[in-house]
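The block underneath contains the structure these notes are about, expressed in structure tokens.
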Amino acid sequence: MNGFREKAVEAFVSLARRYREVIETRDPDDVAAFLRDMHPLLAGLCRGALALPALAEIDLPDGADEDFTRDEAVTLVERSRPLNEALADELGDDAYYWDLLDPYDEADPVEASLADDLTDIFVDLDEGLRRWESADAELRRTIAFEWRYTYENHWAQHAMGAMRAIHSLLYVHGMGEEDEDEF
């Protein structure tokens with residue numbers, strides 16, 4: 001990775017850390033404040049993921065693209081379950097929304113879970129963050145590759161759905177407006 005891309009990776013790491021912090025320090029009694037923090041952060045993460053080196057640009061160590069360093073799927077699900085359940089409980093009736101998975105497909109809307117969206121993003125980011133500090137340059141290239149790959153193939157859909165749902169809750173349905181002062 002050249003110097004510019006290293007800066008992009010470091011900027012993404014900073015955003016991922018902030019996402020983890022917002023998730024881990026949220027006030028379960030103030031969902032509106034949590035979502036107000038989360039909304040621009042999700043947009044920033046998407047922008048940051050797109051600034052990561054493209055998959056073809058990352059010079060991976062031999063065999064790294066065949067054997068990601070991520071935990072097994074069962075481990076990821078087990079680790080994510082408590083967060084998913086807590087977020088669903090905190091969101092209450094707002095935990096589920098209607099979404100289109102492919103806007104070019106005339107399929108009917110599907111029920112989606114904001115808690116699942118936020119949890120899946122957390123797991124995909126946290127996987128790399130847990131290893132980042134002690135990683136050497138080769139492992140960091142692999143982690144950057146995994147973040148870009150999981151963005152393109154998994155969590156981007158969750159982020160887009162979550163941003164639409166959060167936008168609707170905050171700006172269409174007025175969540176938390178009774179807490180804000182008048183101008």
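Residues are named by chain letter and number: chains run A, B, ... in the order of the structure tokens, numbers start at 1 in each chain, and ligands are numbered from 1 in the order shown.
The residue set within 9 Å of segment 9-12 of chain A, counting only C-alpha atoms and dropping same-chain residues fewer than 3 places from it, reads A:Phe4, A:Arg5, A:Glu6, A:Leu15, A:Ala16, A:Arg17, A:Gly44, A:Leu45, A:Arg47, A:Gly48, A:Ala49, A:Ala51, A:Leu52, A:Pro53, A:Ala144.
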Selection above as a file: C-alpha atoms, as a CSV table (one decimal), in the first residue's frame:
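The result, stored in out19.csv:
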```csv
chain,number,residue,atom,x,y,z
A,4,PHE,CA,-2.0,7.7,0.4
A,5,ARG,CA,-3.7,4.4,0.9
A,6,GLU,CA,-2.0,3.9,4.3
A,15,LEU,CA,-13.8,5.4,12.1
A,16,ALA,CA,-14.1,1.7,13.0
A,17,ARG,CA,-12.9,2.4,16.5
A,44,GLY,CA,-18.4,8.0,7.2
A,45,LEU,CA,-17.7,4.2,7.4
A,47,ARG,CA,-17.0,6.5,2.6
A,48,GLY,CA,-14.0,5.2,4.5
A,49,ALA,CA,-14.4,1.7,3.2
A,51,ALA,CA,-11.3,4.8,0.2
A,52,LEU,CA,-9.6,1.6,1.3
A,53,PRO,CA,-7.3,0.1,-1.3
A,144,ALA,CA,-7.5,-4.1,5.2
```
Subject >> Close residues, segment 102-106 of chain A itself excluded, 12 Å, only C-alpha atoms, min 6 positions apart in chain, as a PyMOL selection string >> reply: chain A and resi 157+160-161
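Counting only C-alpha atoms, the residue from A:Glu133, A:Glu177, A:Asp27, A:Glu21 that sits nearest to Leu41 of chain A is A:Glu21.
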Subject >> For Asp116 of chain A: contacts at 10 Å, only C-alpha atoms, fewer than 2 positions along chain excluded, given as a ChimeraX atom specification >> reply: /A:80-81,83-85,87-88,95-96,112-114,118-122,158,162
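Proximity ranking of A:Leu101, A:Ile143, A:Ala33, A:Val110 relative to Asp126 of chain A places A:Ile143 first, based on only C-alpha atoms.
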Subject >> Nearest-residue call for Gly92 of chain A, choices A:Val123, A:Val31, A:Ala159, A:Ala107, using only C-alpha atoms >> reply: A:Val31
Original post:
Using only C-alpha atoms, which residues sit within 8 Å of segment 145-154 of chain A once same-chain residues fewer than 5 positions away are excluded, as a PyMOL selection string?
Top reply: chain A and resi 46+49-50+52-55+58+68+124-125+128
Residues from the last selection, C-alpha atoms, saved as an mmCIF file, in the first residue's frame:
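For reference, part.cif as written:
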```
data_model
loop_
_atom_site.group_PDB
_atom_site.id
_atom_site.type_symbol
_atom_site.label_atom_id
_atom_site.label_comp_id
_atom_site.auth_asym_id
_atom_site.auth_seq_id
_atom_site.Cartn_x
_atom_site.Cartn_y
_atom_site.Cartn_z
ATOM 1 C CA CYS A 46 -19.072 3.671 3.909
ATOM 2 C CA ALA A 49 -14.435 1.701 3.167
ATOM 3 C CA LEU A 50 -14.555 2.998 -0.400
ATOM 4 C CA LEU A 52 -9.578 1.596 1.329
ATOM 5 C CA PRO A 53 -7.343 0.087 -1.308
ATOM 6 C CA ALA A 54 -9.300 -1.851 -3.906
ATOM 7 C CA LEU A 55 -9.024 -5.590 -3.494
ATOM 8 C CA ILE A 58 -3.614 -5.002 -1.908
ATOM 9 C CA PHE A 68 -8.832 -15.118 5.858
ATOM 10 C CA ASP A 124 -17.125 -7.213 10.585
ATOM 11 C CA LEU A 125 -15.223 -4.171 11.890
ATOM 12 C CA GLY A 128 -9.984 -6.628 12.348
#
```
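Using only C-alpha atoms, the smallest distance between any of A:Leu129, A:Ala56, A:Asp99, A:Ser168 and Arg18 of chain A comes from A:Leu129.
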Original post:
What are the DSSP strand (DSSP E or B) residues of segment 6-120 of chain A, as a PyMOL selection string?
Top reply: chain A and resi 96-99+110-113
Subject >> Backbone-only DSSP, helix (DSSP H, G or I) members of segment 54-169 of chain A, as a PyMOL selection string >> reply: chain A and resi 55-57+73-95+114-132+137-169
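For the choices A:Val22, A:Ala32, A:Ala135, A:Leu60, the atom-to-atom distance to Tyr171 of chain A is smallest for A:Ala32 when using only C-alpha atoms.
Between atom CA of Glu90 of chain A and atom CA of Pro28 of chain A the interatomic distance comes to 5.8 Å.
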